[in-house]
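S.K.: Submitted below is the structure of interest, expressed as structure tokens.
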Amino acid sequence: MTMANAPETAGGDLKARVQKVGGYLAAMVMPNIGAFIAWGLITALFIPTGWLPNKHFAELVDPTINVLLPVLIGYTGGRMVHGQRGAVVGAVATIGVVVGSGIPMFLGAMVMGPLAAAVVKQIDEFTARVTPPGFEMLVDNFTAGIVGAAGALLGIWGVGPVVRHATTAAGTGVEWMIHHHLLPLASVVIEPAKVLFLNNAVNHGVLGPLGVAEATRHGQSILFMLEANPGPGFGVLLAYLLFGPRALRPSVPAAMIIQFLGGIHEIYFPYVLMKPRLILATIAGGAAGITTFMIAGVGLIATPAPGSLFAFAAETPRGEWIGVFAGVITAWAVSFLVASLLLGFGAFAESRPTARHANQADRAAVGARS
């Protein structure tokens, strides 16, 4: 019996570990969703292709996405590990990966924030035993400063290049699939890369230049739509709204508007990270959308930035809106169906297990009193 159950236990352990890692990554992002929404609103409103173009206000876009948001994530990750001291050290260390990279370094922040906080936590445990009375503040300040500075240097020298290589590898994989006419399979690389906040690097670093070259020859390119399609993310958010944990449902409608109409895809990444199995829904939706674009023979004339429904409409050649919108709708429909299935159509919502566990606890308490 024990041997028969062993594989199931191992699989359960692996699933639990993946769920734990995804939940931990999401926990670094979710407290900062308000900042993401603020950035999304500024971007959707004031960039040149936005609703109210304003060059002066649009200057907020790049510093926010490249500096503020990664530092906030590093700060939050550090705080989760070692309170306020960990938060400060994590933020300082995150600056290193921010400065050492030309892309939004969310993944680097998720590494450096908790790592620097864990180091200073270990040092604090040691210095608490050996520091003479009266020198605690001096030692604490200097240890935090040294660890933060060392983390920033490590971010520039080590973590930043590693993340850039990961980005390059993702782009190379997408490019290989394109050259081998396996476009729908590109979602297998694109969608996981997006959820790890490598979306801008894959889109503007790989798909954008290739799409420009193709559009120069043919007047349009399907490559502009591979990463920017808002359908897969919208489908996941819709499934969360109807069948996700009840505590999270009130936050979903605003995220849906920002993602689908504003084109800020980063808003749905934490929801996938909390339930890593939902990456299958985005892959299925992305592949379905690409297949529909291929069948319809449509493309865009330029990169839709940001990847919103409005940007898709603005970059669609005259007479091809039906094919383009069909691809977006197909993507969100497939993503919604798969995500709903993975969420058990509400059967796995947290409120029900919580109530069941509460009843079990009540019965146990009654038994203990008797």
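Just so we're on the same page: first chain in the structure tokens is A, next is B, and so on; residues restart at 1 for each chain, and ligands are numbered from 1 in the order they show up.
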Excluding Ala87 of chain A and any residue of its chain fewer than 5 positions from it, enumerate the residues within 6 Å of it, using only C-alpha atoms, and give them as a PyMOL selection string.

M.R.: chain A and resi 75+78-79

S.K.: Which polymer residues have any atom within 8 Å of an atom of Ile65 of chain A, counting only C-alpha atoms, with same-chain residues fewer than 5 positions away left out, as a PyMOL selection string?

M.R.: chain A and resi 39+70+104

S.K.: Keeping C-alpha atoms, export the residues of the selection given above as a PDB file, in the first residue's frame.

M.R.:
ATOM      1  CA  TRP A  39       0.853  52.904 -14.131  1.00  0.00           C
ATOM      2  CA  PRO A  70      10.491  46.585  -9.505  1.00  0.00           C
ATOM      3  CA  PRO A 104      11.582  46.006 -16.643  1.00  0.00           C
TER       4      PRO A 104
END

S.K.: Residues of segment 116-306 of chain A classed as alpha helix (DSSP H) by DSSP on the backbone are to be reported as JSON, numbers by chain.

M.R.: {"A": [116, 117, 118, 119, 120, 121, 122, 123, 124, 125, 126, 127, 128, 129, 130, 136, 137, 138, 139, 140, 141, 142, 143, 144, 145, 146, 147, 148, 149, 150, 151, 152, 153, 154, 160, 161, 162, 163, 164, 165, 166, 167, 168, 169, 170, 171, 172, 173, 174, 175, 176, 177, 178, 179, 187, 188, 189, 190, 191, 192, 193, 199, 200, 201, 202, 208, 209, 210, 211, 212, 213, 214, 215, 216, 217, 218, 231, 232, 233, 234, 235, 236, 237, 238, 239, 240, 241, 242, 243, 252, 253, 254, 255, 256, 257, 258, 259, 260, 269, 270, 271, 272, 273, 274, 279, 280, 281, 282, 283, 284, 285, 286, 287, 288, 289, 290, 291, 292, 293, 294, 295, 296]}

S.K.: With only C-alpha atoms as the counted atoms, please give the residues lying no more than 8 Å from Ala116 of chain A, apart from itself and same-chain residues fewer than 3 positions off, as a PDB file with C-alpha atoms, in the first residue's frame.

M.R.:
ATOM      1  CA  GLY A  78      12.214  41.708   1.556  1.00  0.00           C
ATOM      2  CA  GLY A  86      14.425  43.213   5.072  1.00  0.00           C
ATOM      3  CA  VAL A  89      17.668  46.074   2.196  1.00  0.00           C
ATOM      4  CA  GLY A  90      15.593  44.324  -0.487  1.00  0.00           C
ATOM      5  CA  ALA A  93      19.506  45.436  -3.623  1.00  0.00           C
ATOM      6  CA  MET A 112      17.037  40.096  -5.094  1.00  0.00           C
ATOM      7  CA  GLY A 113      14.460  41.382  -2.586  1.00  0.00           C
ATOM      8  CA  VAL A 119      21.134  37.434   4.182  1.00  0.00           C
ATOM      9  CA  VAL A 120      20.580  40.357   6.553  1.00  0.00           C
ATOM     10  CA  VAL A 147      24.289  43.993   2.687  1.00  0.00           C
ATOM     11  CA  GLY A 148      22.185  46.411   0.637  1.00  0.00           C
ATOM     12  CA  GLY A 151      23.201  43.170  -3.097  1.00  0.00           C
TER      13      GLY A 151
END

S.K.: Measuring atom to atom with only C-alpha atoms, identify which of A:Pro63, A:Gly297, A:Gly285, A:Gly319 is nearest to Pro184 of chain A.

M.R.: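 Closest to Pro184 of chain A of all the choices is A:Gly285.
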
S.K.: Can you list, as a ChimeraX atom specification, every protein, DNA or RNA residue that comes within 12 Å of Leu41 of chain A when you count only C-alpha atoms, leaving out same-chain residues fewer than 6 positions away?

M.R.: /A:34-35,47,50-52,57-58,60-61,64,254-255,257-259,261-264,267,306

S.K.: Quick one: everything within 8 Å of Glu266 of chain A, counting only C-alpha atoms, minus sequence neighbours fewer than 6 positions away in the same chain. Send it as a VMD selection string.

M.R.: chain A and resid 36 195 197 259

S.K.: Can you work out which one of A:Ile295, A:Glu320, A:Ile301, A:Gly286 has the shortest atom-to-atom distance to Leu185 of chain A, counting only C-alpha atoms?

M.R.: A:Gly286

S.K.: If we count only C-alpha atoms and set the cut-off at 9 Å, which residues sit around Glu175 of chain A, ignoring sequence neighbours fewer than 6 positions away in its own chain? Please answer as a ChimeraX atom specification.

M.R.: /A:186,206-207,210
